[in-house]
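Next up, query.cif (mmCIF, C-alpha atoms; chains and numbers go by the auth columns):
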data_data
#
loop_
_atom_site.group_PDB
_atom_site.id
_atom_site.type_symbol
_atom_site.label_atom_id
_atom_site.label_comp_id
_atom_site.label_asym_id
_atom_site.label_seq_id
_atom_site.Cartn_x
_atom_site.Cartn_y
_atom_site.Cartn_z
_atom_site.B_iso_or_equiv
_atom_site.auth_seq_id
_atom_site.auth_asym_id
ATOM 1 C CA MET A 1 -36.216 -28.291 -62.797 0.00 1 A
ATOM 2 C CA ILE A 2 -36.564 -28.223 -59.036 0.00 2 A
ATOM 3 C CA ARG A 3 -34.567 -25.542 -57.281 0.00 3 A
ATOM 4 C CA LYS A 4 -31.601 -26.382 -55.093 0.00 4 A
ATOM 5 C CA ASN A 5 -32.167 -25.256 -51.538 0.00 5 A
ATOM 6 C CA ALA A 6 -28.546 -24.762 -50.573 0.00 6 A
ATOM 7 C CA ARG A 7 -25.399 -23.650 -52.353 0.00 7 A
ATOM 8 C CA VAL A 8 -21.754 -23.473 -51.353 0.00 8 A
ATOM 9 C CA ILE A 9 -19.494 -20.449 -51.639 0.00 9 A
ATOM 10 C CA SER A 10 -15.876 -21.356 -51.057 0.00 10 A
ATOM 11 C CA GLU A 11 -12.823 -19.208 -50.642 0.00 11 A
ATOM 12 C CA ILE A 12 -9.178 -20.218 -50.184 0.00 12 A
ATOM 13 C CA LYS A 13 -6.907 -18.081 -48.018 0.00 13 A
ATOM 14 C CA GLY A 14 -3.416 -19.513 -47.592 0.00 14 A
ATOM 15 C CA ASP A 15 -3.815 -23.031 -46.215 0.00 15 A
ATOM 16 C CA THR A 16 -7.439 -22.532 -45.226 0.00 16 A
ATOM 17 C CA LEU A 17 -10.540 -23.384 -47.190 0.00 17 A
ATOM 18 C CA ARG A 18 -13.577 -21.480 -45.986 0.00 18 A
ATOM 19 C CA ALA A 19 -16.759 -23.030 -47.363 0.00 19 A
ATOM 20 C CA ALA A 20 -20.004 -21.215 -46.603 0.00 20 A
ATOM 21 C CA VAL A 21 -23.376 -22.893 -46.992 0.00 21 A
ATOM 22 C CA VAL A 22 -26.125 -20.502 -48.073 0.00 22 A
ATOM 23 C CA GLY A 23 -29.766 -21.575 -47.753 0.00 23 A
ATOM 24 C CA GLU A 24 -31.575 -24.513 -46.153 0.00 24 A
ATOM 25 C CA ILE A 25 -29.966 -27.824 -45.204 0.00 25 A
ATOM 26 C CA ASP A 26 -32.275 -30.833 -45.264 0.00 26 A
ATOM 27 C CA HIS A 27 -32.300 -34.376 -46.663 0.00 27 A
ATOM 28 C CA HIS A 28 -33.583 -33.149 -50.053 0.00 28 A
ATOM 29 C CA GLY A 29 -30.484 -31.060 -50.760 0.00 29 A
ATOM 30 C CA ALA A 30 -28.084 -33.303 -48.828 0.00 30 A
ATOM 31 C CA ALA A 31 -26.590 -35.329 -51.690 0.00 31 A
ATOM 32 C CA ALA A 32 -25.788 -32.259 -53.811 0.00 32 A
ATOM 33 C CA LEU A 33 -24.432 -30.376 -50.820 0.00 33 A
ATOM 34 C CA ARG A 34 -22.202 -33.297 -49.799 0.00 34 A
ATOM 35 C CA GLU A 35 -20.798 -33.486 -53.294 0.00 35 A
ATOM 36 C CA ASP A 36 -20.221 -29.715 -53.605 0.00 36 A
ATOM 37 C CA LEU A 37 -18.419 -29.580 -50.258 0.00 37 A
ATOM 38 C CA ASP A 38 -16.304 -32.670 -50.910 0.00 38 A
ATOM 39 C CA ASP A 39 -15.345 -31.344 -54.370 0.00 39 A
ATOM 40 C CA ALA A 40 -14.233 -28.039 -52.816 0.00 40 A
ATOM 41 C CA ILE A 41 -12.212 -29.809 -50.084 0.00 41 A
ATOM 42 C CA ILE A 42 -10.577 -32.310 -52.432 0.00 42 A
ATOM 43 C CA ALA A 43 -9.727 -29.622 -55.040 0.00 43 A
ATOM 44 C CA ALA A 44 -8.197 -27.254 -52.474 0.00 44 A
ATOM 45 C CA ARG A 45 -6.316 -29.836 -50.355 0.00 45 A
ATOM 46 C CA PRO A 46 -6.206 -27.333 -47.487 0.00 46 A
ATOM 47 C CA LYS A 47 -4.602 -27.730 -44.075 0.00 47 A
ATOM 48 C CA VAL A 48 -7.729 -26.306 -42.468 0.00 48 A
ATOM 49 C CA VAL A 49 -11.348 -26.694 -43.541 0.00 49 A
ATOM 50 C CA GLU A 50 -13.692 -24.063 -42.130 0.00 50 A
ATOM 51 C CA LEU A 51 -17.368 -24.803 -42.659 0.00 51 A
ATOM 52 C CA ASP A 52 -19.150 -21.465 -42.375 0.00 52 A
ATOM 53 C CA LEU A 53 -22.722 -21.894 -41.102 0.00 53 A
ATOM 54 C CA SER A 54 -23.580 -18.197 -40.643 0.00 54 A
ATOM 55 C CA THR A 55 -25.803 -18.085 -43.733 0.00 55 A
ATOM 56 C CA VAL A 56 -27.801 -21.260 -43.039 0.00 56 A
ATOM 57 C CA ASP A 57 -31.511 -20.365 -42.762 0.00 57 A
ATOM 58 C CA PHE A 58 -32.685 -23.814 -41.721 0.00 58 A
ATOM 59 C CA MET A 59 -31.012 -27.047 -40.719 0.00 59 A
ATOM 60 C CA ASP A 60 -32.457 -30.331 -39.470 0.00 60 A
ATOM 61 C CA SER A 61 -30.609 -33.483 -38.412 0.00 61 A
ATOM 62 C CA SER A 62 -29.673 -34.166 -42.059 0.00 62 A
ATOM 63 C CA GLY A 63 -27.236 -31.291 -41.585 0.00 63 A
ATOM 64 C CA LEU A 64 -25.593 -33.080 -38.658 0.00 64 A
ATOM 65 C CA GLY A 65 -24.868 -36.024 -40.951 0.00 65 A
ATOM 66 C CA ILE A 66 -23.427 -33.718 -43.594 0.00 66 A
ATOM 67 C CA ILE A 67 -21.167 -32.059 -41.020 0.00 67 A
ATOM 68 C CA MET A 68 -19.962 -35.425 -39.643 0.00 68 A
ATOM 69 C CA GLY A 69 -19.290 -36.699 -43.158 0.00 69 A
ATOM 70 C CA ARG A 70 -17.288 -33.605 -44.168 0.00 70 A
ATOM 71 C CA LYS A 71 -15.214 -33.861 -41.007 0.00 71 A
ATOM 72 C CA ALA A 72 -14.467 -37.428 -42.098 0.00 72 A
ATOM 73 C CA THR A 73 -13.372 -36.130 -45.524 0.00 73 A
ATOM 74 C CA ALA A 74 -11.071 -33.583 -43.859 0.00 74 A
ATOM 75 C CA ASP A 75 -9.695 -36.268 -41.506 0.00 75 A
ATOM 76 C CA ARG A 76 -8.862 -38.532 -44.454 0.00 76 A
ATOM 77 C CA LEU A 77 -6.893 -35.700 -46.069 0.00 77 A
ATOM 78 C CA GLY A 78 -5.161 -34.834 -42.811 0.00 78 A
ATOM 79 C CA ALA A 79 -6.837 -31.432 -42.602 0.00 79 A
ATOM 80 C CA ALA A 80 -8.185 -29.786 -39.458 0.00 80 A
ATOM 81 C CA PHE A 81 -11.950 -29.192 -39.443 0.00 81 A
ATOM 82 C CA LYS A 82 -13.874 -26.338 -37.841 0.00 82 A
ATOM 83 C CA LEU A 83 -17.426 -25.073 -37.769 0.00 83 A
ATOM 84 C CA ILE A 84 -17.625 -21.303 -38.069 0.00 84 A
ATOM 85 C CA ASN A 85 -20.364 -18.970 -36.792 0.00 85 A
ATOM 86 C CA PRO A 86 -23.398 -21.246 -36.599 0.00 86 A
ATOM 87 C CA THR A 87 -26.621 -19.252 -36.193 0.00 87 A
ATOM 88 C CA LYS A 88 -28.498 -19.588 -32.901 0.00 88 A
ATOM 89 C CA ARG A 89 -30.876 -22.161 -34.399 0.00 89 A
ATOM 90 C CA VAL A 90 -28.099 -24.218 -35.946 0.00 90 A
ATOM 91 C CA ALA A 91 -26.034 -24.037 -32.749 0.00 91 A
ATOM 92 C CA ARG A 92 -28.968 -25.517 -30.833 0.00 92 A
ATOM 93 C CA ILE A 93 -29.126 -28.672 -32.927 0.00 93 A
ATOM 94 C CA ILE A 94 -25.317 -28.974 -33.008 0.00 94 A
ATOM 95 C CA GLU A 95 -25.316 -28.824 -29.209 0.00 95 A
ATOM 96 C CA LEU A 96 -28.107 -31.388 -28.932 0.00 96 A
ATOM 97 C CA ALA A 97 -26.035 -33.845 -30.969 0.00 97 A
ATOM 98 C CA GLY A 98 -22.891 -33.048 -28.953 0.00 98 A
ATOM 99 C CA LEU A 99 -20.862 -32.146 -32.056 0.00 99 A
ATOM 100 C CA GLY A 100 -19.037 -29.494 -30.051 0.00 100 A
ATOM 101 C CA LYS A 101 -17.316 -32.335 -28.164 0.00 101 A
ATOM 102 C CA VAL A 102 -15.850 -33.901 -31.308 0.00 102 A
ATOM 103 C CA MET A 103 -15.011 -30.814 -33.368 0.00 103 A
ATOM 104 C CA THR A 104 -14.099 -27.155 -32.970 0.00 104 A
ATOM 105 C CA VAL A 105 -16.862 -24.577 -33.164 0.00 105 A
ATOM 106 C CA GLU A 106 -15.498 -21.051 -33.611 0.00 106 A
ATOM 107 C CA TYR A 107 -17.125 -17.645 -33.603 0.00 107 A
ATOM 108 C CA LYS A 108 -15.228 -15.130 -35.752 0.00 108 A
ATOM 109 C CA ASN A 109 -15.797 -11.823 -37.494 0.00 109 A
ATOM 110 C CA ASN A 110 -15.431 -11.466 -41.276 0.00 110 A
ATOM 111 C CA GLU A 111 -11.724 -10.746 -41.102 0.00 111 A
ATOM 112 C CA GLY A 112 -11.179 -14.145 -39.522 0.00 112 A
ATOM 113 C CA GLU A 113 -10.343 -12.849 -36.064 0.00 113 A
ATOM 114 C CA ASN A 114 -12.003 -14.518 -33.118 0.00 114 A
ATOM 115 C CA LYS A 115 -15.003 -12.650 -31.774 0.00 115 A
ATOM 116 C CA MET B 1 -59.881 -27.393 -18.300 0.00 116 B
ATOM 117 C CA LYS B 2 -60.756 -29.312 -21.424 0.00 117 B
ATOM 118 C CA SER B 3 -59.138 -27.837 -24.499 0.00 118 B
ATOM 119 C CA LYS B 4 -61.131 -27.117 -27.609 0.00 119 B
ATOM 120 C CA CYS B 5 -59.902 -27.523 -31.158 0.00 120 B
ATOM 121 C CA ILE B 6 -60.243 -24.176 -32.919 0.00 121 B
ATOM 122 C CA ASN B 7 -58.740 -24.883 -36.325 0.00 122 B
ATOM 123 C CA LYS B 8 -57.385 -27.803 -38.308 0.00 123 B
ATOM 124 C CA LEU B 9 -55.395 -28.539 -41.424 0.00 124 B
ATOM 125 C CA GLN B 10 -55.209 -31.739 -43.411 0.00 125 B
ATOM 126 C CA LEU B 11 -52.587 -32.293 -46.026 0.00 126 B
ATOM 127 C CA THR B 12 -51.495 -35.248 -48.140 0.00 127 B
ATOM 128 C CA LEU B 13 -48.198 -35.089 -49.979 0.00 128 B
ATOM 129 C CA PRO B 14 -46.350 -37.686 -52.020 0.00 129 B
ATOM 130 C CA ALA B 15 -43.136 -38.932 -50.398 0.00 130 B
ATOM 131 C CA LEU B 16 -40.783 -36.791 -52.463 0.00 131 B
ATOM 132 C CA SER B 17 -37.815 -35.166 -50.768 0.00 132 B
ATOM 133 C CA VAL B 18 -38.732 -31.785 -52.262 0.00 133 B
ATOM 134 C CA ASN B 19 -41.861 -31.933 -50.074 0.00 134 B
ATOM 135 C CA GLU B 20 -39.777 -31.801 -46.866 0.00 135 B
ATOM 136 C CA SER B 21 -39.502 -28.024 -47.250 0.00 136 B
ATOM 137 C CA VAL B 22 -43.091 -27.782 -48.531 0.00 137 B
ATOM 138 C CA ALA B 23 -44.471 -29.607 -45.470 0.00 138 B
ATOM 139 C CA ARG B 24 -42.535 -27.576 -42.909 0.00 139 B
ATOM 140 C CA ALA B 25 -43.441 -24.286 -44.657 0.00 140 B
ATOM 141 C CA ILE B 26 -47.175 -25.105 -44.784 0.00 141 B
ATOM 142 C CA VAL B 27 -47.356 -26.364 -41.187 0.00 142 B
ATOM 143 C CA SER B 28 -45.447 -23.357 -39.860 0.00 143 B
ATOM 144 C CA ALA B 29 -47.631 -20.955 -41.890 0.00 144 B
ATOM 145 C CA PHE B 30 -50.720 -22.597 -40.362 0.00 145 B
ATOM 146 C CA CYS B 31 -49.289 -22.393 -36.810 0.00 146 B
ATOM 147 C CA ALA B 32 -48.367 -18.732 -37.336 0.00 147 B
ATOM 148 C CA GLN B 33 -51.994 -17.732 -36.598 0.00 148 B
ATOM 149 C CA LEU B 34 -51.256 -18.359 -32.893 0.00 149 B
ATOM 150 C CA ASN B 35 -48.464 -15.755 -32.970 0.00 150 B
ATOM 151 C CA PRO B 36 -45.705 -18.090 -31.835 0.00 151 B
ATOM 152 C CA THR B 37 -42.237 -16.757 -31.112 0.00 152 B
ATOM 153 C CA ILE B 38 -39.645 -17.127 -33.872 0.00 153 B
ATOM 154 C CA GLU B 39 -37.986 -19.852 -31.785 0.00 154 B
ATOM 155 C CA GLU B 40 -41.222 -21.800 -31.329 0.00 155 B
ATOM 156 C CA LEU B 41 -41.937 -21.651 -35.044 0.00 156 B
ATOM 157 C CA ALA B 42 -38.394 -22.757 -35.866 0.00 157 B
ATOM 158 C CA ASP B 43 -38.769 -25.708 -33.449 0.00 158 B
ATOM 159 C CA ILE B 44 -41.997 -26.793 -35.161 0.00 159 B
ATOM 160 C CA LYS B 45 -40.429 -26.458 -38.632 0.00 160 B
ATOM 161 C CA CYS B 46 -37.484 -28.610 -37.652 0.00 161 B
ATOM 162 C CA ALA B 47 -39.612 -31.308 -35.990 0.00 162 B
ATOM 163 C CA VAL B 48 -41.919 -31.539 -39.029 0.00 163 B
ATOM 164 C CA SER B 49 -38.923 -31.778 -41.327 0.00 164 B
ATOM 165 C CA GLU B 50 -37.556 -34.689 -39.265 0.00 165 B
ATOM 166 C CA ALA B 51 -40.843 -36.618 -39.298 0.00 166 B
ATOM 167 C CA VAL B 52 -41.435 -36.107 -43.025 0.00 167 B
ATOM 168 C CA THR B 53 -37.839 -37.070 -43.844 0.00 168 B
ATOM 169 C CA ASN B 54 -38.315 -40.302 -41.849 0.00 169 B
ATOM 170 C CA CYS B 55 -41.384 -41.145 -43.983 0.00 170 B
ATOM 171 C CA ILE B 56 -39.401 -40.641 -47.192 0.00 171 B
ATOM 172 C CA VAL B 57 -36.127 -42.265 -46.190 0.00 172 B
ATOM 173 C CA HIS B 58 -37.241 -45.044 -43.852 0.00 173 B
ATOM 174 C CA ALA B 59 -40.984 -45.765 -44.208 0.00 174 B
ATOM 175 C CA TYR B 60 -41.117 -45.718 -48.003 0.00 175 B
ATOM 176 C CA ARG B 61 -37.356 -46.242 -48.575 0.00 176 B
ATOM 177 C CA GLU B 62 -37.317 -43.635 -51.337 0.00 177 B
ATOM 178 C CA THR B 63 -40.196 -45.350 -53.196 0.00 178 B
ATOM 179 C CA ALA B 64 -43.672 -43.948 -53.918 0.00 179 B
ATOM 180 C CA GLY B 65 -46.193 -43.421 -51.126 0.00 180 B
ATOM 181 C CA ASP B 66 -48.228 -40.722 -49.451 0.00 181 B
ATOM 182 C CA ILE B 67 -47.570 -38.765 -46.283 0.00 182 B
ATOM 183 C CA TYR B 68 -50.651 -37.730 -44.297 0.00 183 B
ATOM 184 C CA ILE B 69 -50.258 -34.643 -42.156 0.00 184 B
ATOM 185 C CA SER B 70 -52.898 -33.313 -39.823 0.00 185 B
ATOM 186 C CA VAL B 71 -52.513 -30.249 -37.630 0.00 186 B
ATOM 187 C CA ARG B 72 -54.929 -29.140 -34.943 0.00 187 B
ATOM 188 C CA ILE B 73 -54.673 -26.049 -32.850 0.00 188 B
ATOM 189 C CA PHE B 74 -56.452 -25.747 -29.535 0.00 189 B
ATOM 190 C CA ASP B 75 -57.751 -22.796 -27.529 0.00 190 B
ATOM 191 C CA THR B 76 -55.074 -23.605 -24.946 0.00 191 B
ATOM 192 C CA ARG B 77 -52.399 -22.578 -27.542 0.00 192 B
ATOM 193 C CA THR B 78 -51.460 -26.212 -27.996 0.00 193 B
ATOM 194 C CA VAL B 79 -50.493 -27.421 -31.444 0.00 194 B
ATOM 195 C CA ARG B 80 -50.931 -31.109 -32.262 0.00 195 B
ATOM 196 C CA ILE B 81 -49.218 -32.344 -35.424 0.00 196 B
ATOM 197 C CA GLU B 82 -49.779 -35.871 -36.685 0.00 197 B
ATOM 198 C CA ILE B 83 -47.554 -37.262 -39.441 0.00 198 B
ATOM 199 C CA LYS B 84 -48.506 -40.662 -40.782 0.00 199 B
ATOM 200 C CA ASP B 85 -47.268 -42.971 -43.509 0.00 200 B
ATOM 201 C CA LYS B 86 -48.377 -46.366 -44.798 0.00 201 B
ATOM 202 C CA GLY B 87 -44.824 -47.615 -45.142 0.00 202 B
ATOM 203 C CA CYS B 88 -42.756 -50.438 -43.695 0.00 203 B
ATOM 204 C CA GLY B 89 -43.404 -49.672 -40.031 0.00 204 B
ATOM 205 C CA ILE B 90 -40.993 -49.883 -37.093 0.00 205 B
ATOM 206 C CA ALA B 91 -40.356 -53.152 -35.239 0.00 206 B
ATOM 207 C CA ASP B 92 -38.655 -51.644 -32.180 0.00 207 B
ATOM 208 C CA ILE B 93 -39.772 -48.078 -31.534 0.00 208 B
ATOM 209 C CA GLU B 94 -37.638 -47.606 -28.391 0.00 209 B
ATOM 210 C CA LEU B 95 -34.527 -48.609 -30.342 0.00 210 B
ATOM 211 C CA VAL B 96 -35.052 -46.165 -33.218 0.00 211 B
ATOM 212 C CA LYS B 97 -35.775 -43.370 -30.730 0.00 212 B
ATOM 213 C CA THR B 98 -32.332 -43.823 -29.139 0.00 213 B
ATOM 214 C CA PRO B 99 -30.178 -40.780 -29.901 0.00 214 B
ATOM 215 C CA LEU B 100 -27.454 -41.554 -32.480 0.00 215 B
ATOM 216 C CA TYR B 101 -29.107 -44.850 -33.472 0.00 216 B
ATOM 217 C CA THR B 102 -29.097 -45.138 -37.265 0.00 217 B
ATOM 218 C CA THR B 103 -29.446 -47.888 -39.842 0.00 218 B
ATOM 219 C CA ASP B 104 -27.006 -45.939 -42.014 0.00 219 B
ATOM 220 C CA THR B 105 -23.520 -47.350 -42.467 0.00 220 B
ATOM 221 C CA THR B 106 -21.942 -44.558 -44.524 0.00 221 B
ATOM 222 C CA GLY B 107 -21.447 -42.149 -41.608 0.00 222 B
ATOM 223 C CA GLU B 108 -23.587 -39.562 -43.391 0.00 223 B
ATOM 224 C CA ARG B 109 -26.625 -39.792 -41.116 0.00 224 B
ATOM 225 C CA SER B 110 -26.735 -38.665 -37.539 0.00 225 B
ATOM 226 C CA GLY B 111 -29.494 -40.801 -36.038 0.00 226 B
ATOM 227 C CA MET B 112 -30.780 -37.705 -34.272 0.00 227 B
ATOM 228 C CA GLY B 113 -34.192 -37.324 -35.948 0.00 228 B
ATOM 229 C CA PHE B 114 -36.376 -38.568 -33.098 0.00 229 B
ATOM 230 C CA ALA B 115 -34.126 -36.887 -30.496 0.00 230 B
ATOM 231 C CA VAL B 116 -34.628 -33.555 -32.300 0.00 231 B
ATOM 232 C CA MET B 117 -38.416 -34.030 -32.398 0.00 232 B
ATOM 233 C CA GLU B 118 -38.496 -34.969 -28.709 0.00 233 B
ATOM 234 C CA SER B 119 -36.311 -32.099 -27.666 0.00 234 B
ATOM 235 C CA PHE B 120 -37.857 -29.353 -29.829 0.00 235 B
ATOM 236 C CA MET B 121 -41.479 -30.294 -29.037 0.00 236 B
ATOM 237 C CA ASP B 122 -43.176 -30.782 -25.624 0.00 237 B
ATOM 238 C CA LYS B 123 -44.302 -34.335 -26.269 0.00 238 B
ATOM 239 C CA MET B 124 -43.965 -36.985 -28.959 0.00 239 B
ATOM 240 C CA THR B 125 -45.760 -40.288 -29.387 0.00 240 B
ATOM 241 C CA VAL B 126 -44.929 -42.931 -31.977 0.00 241 B
ATOM 242 C CA ARG B 127 -47.321 -45.700 -33.012 0.00 242 B
ATOM 243 C CA SER B 128 -46.428 -48.246 -35.645 0.00 243 B
ATOM 244 C CA ALA B 129 -47.259 -51.665 -37.072 0.00 244 B
ATOM 245 C CA VAL B 130 -44.707 -53.480 -39.192 0.00 245 B
ATOM 246 C CA GLY B 131 -45.742 -53.535 -42.849 0.00 246 B
ATOM 247 C CA LYS B 132 -48.658 -51.204 -42.154 0.00 247 B
ATOM 248 C CA TYR B 133 -47.981 -47.728 -40.877 0.00 248 B
ATOM 249 C CA THR B 134 -46.121 -45.345 -38.608 0.00 249 B
ATOM 250 C CA LYS B 135 -47.757 -42.373 -36.941 0.00 250 B
ATOM 251 C CA VAL B 136 -45.787 -39.710 -35.114 0.00 251 B
ATOM 252 C CA THR B 137 -47.763 -37.210 -33.056 0.00 252 B
ATOM 253 C CA LEU B 138 -46.080 -34.043 -31.849 0.00 253 B
ATOM 254 C CA PHE B 139 -47.426 -31.618 -29.276 0.00 254 B
ATOM 255 C CA LYS B 140 -46.289 -28.148 -28.368 0.00 255 B
ATOM 256 C CA THR B 141 -47.974 -25.582 -26.182 0.00 256 B
ATOM 257 C CA LEU B 142 -46.945 -22.096 -27.176 0.00 257 B
ATOM 258 C CA SER B 143 -46.015 -19.431 -24.646 0.00 258 B
ATOM 259 C CA PRO B 144 -48.834 -17.056 -23.640 0.00 259 B
ATOM 260 C CA LEU B 145 -49.382 -14.035 -25.856 0.00 260 B
ATOM 261 C CA GLU B 146 -48.085 -10.803 -24.407 0.00 261 B
ATOM 262 C CA LEU B 147 -50.908 -8.295 -24.286 0.00 262 B
#

Full structure transcribed into structure tokens:
Amino acid sequence: MIRKNARVISEIKGDTLRAAVVGEIDHHGAAALREDLDDAIIAARPKVVELDLSTVDFMDSSGLGIIMGRKATADRLGAAFKLINPTKRVARIIELAGLGKVMTVEYKNNEGENK
Amino acid sequence: MKSKCINKLQLTLPALSVNESVARAIVSAFCAQLNPTIEELADIKCAVSEAVTNCIVHAYRETAGDIYISVRIFDTRTVRIEIKDKGCGIADIELVKTPLYTTDTTGERSGMGFAVMESFMDKMTVRSAVGKYTKVTLFKTLSPLEL
């Protein structure tokens, strides 16, 4: 059995689903990660999906595709979609792809207040 | 000044997606002997991951094949990374290098692989022949060591 390189920890608070990705995001883990995130979004039917990227150790352009696809899932369900606390490295690749122009990127502390 | 190669690594890995993380870990471990900054090492890791993923997804289209990686480091603190496959090749290199260009129709791929390699490294060259091979060569000169 080959290890998974990313897992999802999700938490529902009111109308908001906060899904945190822990580990490395690349093409190898992409299919499983897509499925885990979509399952969490579809099960929770939230008004807001927050994708927490603060615990991502590595992300290449496969991660950009995963983010775009999950925003599409949220859009289909009429939910708002936000990226939360990307690390410096992740923020760099998000910026390069211009994702900040098509979705909200928010920096918050653990209590959910804006930093 | 002519630069001199001071160390080299050669590595062949089968085109399995699990080897994306293996390749970037080995190449970054090899480059670590030059004492790069954390950012420089992260840039190299990401660029290698992009090139290897392209071999798996595009060159071999998720079928069997080998990926040939060669890394050379020079006394000028330049790292040269060559990633080659014997897959389907690229007909129009300029087109596939265009940011956001992708053959994917599901909306799950960004088309940013080559743009990431170009932006995170100093220089990138792509050579290819349809039905024969693709070779991506990446160069990065690391910042001077602080004494």

*Give me the result of the PyMOL selection byres ((chain A) within 10 of (chain B)) on this file, residue by residue, as a VMD selection string.*
chain A and resid 2 to 5 24 to 31 34 58 to 70 72 88 to 89 92 to 93 96 to 97

*Record the distance separating atom CA of B:Ile121 and atom CA of B:Arg192, expressed in Å with one decimal.*
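A separation of 9.6 Å between them.
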
*Straight-line distance linking atom CA of B:Leu257 with atom CA of A:Pro86, stated in Å to one decimal*: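 Between these atoms lies a distance of 25.4 Å.
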
*Check which residues satisfy the PyMOL selection byres ((chain A and resi 54) around 6) in the file shown, then give them as a ChimeraX atom specification.*
/A:52-53,55-56,85-87

Mind dumping the selected residues with C-alpha atoms as a compact mmCIF listing (two decimals), keeping the file's coordinate frame?
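The resulting file, again_2.txt, is reproduced below:
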# COMPACT_ATOMS: atom_id res chain seq x y z
CA ASP A 52 -19.15 -21.46 -42.38
CA LEU A 53 -22.72 -21.89 -41.10
CA THR A 55 -25.80 -18.08 -43.73
CA VAL A 56 -27.80 -21.26 -43.04
CA ASN A 85 -20.36 -18.97 -36.79
CA PRO A 86 -23.40 -21.25 -36.60
CA THR A 87 -26.62 -19.25 -36.19

Assuming 5 Å of padding per side, give the centre and edge lengths of the axis-aligned box around every listed atom of stretch 16-28 of chain A, in Å to one decimal and as JSON.
{"center_x": -20.5, "center_y": -27.4, "center_z": -47.6, "size_x": 36.1, "size_y": 23.9, "size_z": 14.8}

*Write out as a PyMOL selection string each polymer residue whose atoms come within 8 Å of B:Val194, counting all atoms listed in the file; drop sequence neighbours fewer than 6 positions from it.*
chain B and resi 146+186-188+253-257

Residue IDs satisfying the PyMOL selection byres ((chain B and resi 207) around 12), as a PDB file with C-alpha atoms, in the frame of the given file:
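Below is the file that was written, expr37.pdb:
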ATOM      1  CA  GLY B 204     -43.404 -49.672 -40.031  1.00  0.00           C
ATOM      2  CA  ILE B 205     -40.993 -49.883 -37.093  1.00  0.00           C
ATOM      3  CA  ALA B 206     -40.356 -53.152 -35.239  1.00  0.00           C
ATOM      4  CA  ILE B 208     -39.772 -48.078 -31.534  1.00  0.00           C
ATOM      5  CA  GLU B 209     -37.638 -47.606 -28.391  1.00  0.00           C
ATOM      6  CA  LEU B 210     -34.527 -48.609 -30.342  1.00  0.00           C
ATOM      7  CA  VAL B 211     -35.052 -46.165 -33.218  1.00  0.00           C
ATOM      8  CA  LYS B 212     -35.775 -43.370 -30.730  1.00  0.00           C
ATOM      9  CA  THR B 213     -32.332 -43.823 -29.139  1.00  0.00           C
ATOM     10  CA  TYR B 216     -29.107 -44.850 -33.472  1.00  0.00           C
ATOM     11  CA  VAL B 241     -44.929 -42.931 -31.977  1.00  0.00           C
ATOM     12  CA  ARG B 242     -47.321 -45.700 -33.012  1.00  0.00           C
ATOM     13  CA  SER B 243     -46.428 -48.246 -35.645  1.00  0.00           C
ATOM     14  CA  ALA B 244     -47.259 -51.665 -37.072  1.00  0.00           C
ATOM     15  CA  VAL B 245     -44.707 -53.480 -39.192  1.00  0.00           C
ATOM     16  CA  THR B 249     -46.121 -45.345 -38.608  1.00  0.00           C
TER      17      THR B 249
END

*Take atom CA of B:Gln148 and atom CA of B:Glu197 and report the distance between them in Å, one decimal.*
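We find that atom CA of B:Gln148 and atom CA of B:Glu197 lie 18.3 Å from each other.
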
*Contact residues around A:Ala44 with all atoms listed in the file at 9 Å, ignoring same-chain residues under 3 positions, as a VMD selection string*: chain A and resid 12 15 to 17 39 to 41

Next, write the just-selected residues to a file, as a tab-separated table (two decimals), in the frame of the given file, keeping C-alpha atoms as the atom set.
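Below is the file part_3.tsv, written as the result:
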chain	number	residue	atom	x	y	z
A	12	ILE	CA	-9.18	-20.22	-50.18
A	15	ASP	CA	-3.82	-23.03	-46.22
A	16	THR	CA	-7.44	-22.53	-45.23
A	17	LEU	CA	-10.54	-23.38	-47.19
A	39	ASP	CA	-15.34	-31.34	-54.37
A	40	ALA	CA	-14.23	-28.04	-52.82
A	41	ILE	CA	-12.21	-29.81	-50.08

_At a cut-off of 7 Å, using all atoms listed in the file, what residues contact A:Ser10? Leave out same-chain residues fewer than 6 positions from it and give the result as JSON, numbers by chain._
{"A": [17, 18, 19, 20]}

*Among listed residues A:Tyr107, A:Ala91, A:Val102, A:Glu50, nearest A:Ala79 (using only C-alpha atoms)*: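 Of all the options, A:Glu50 lies closest to A:Ala79.
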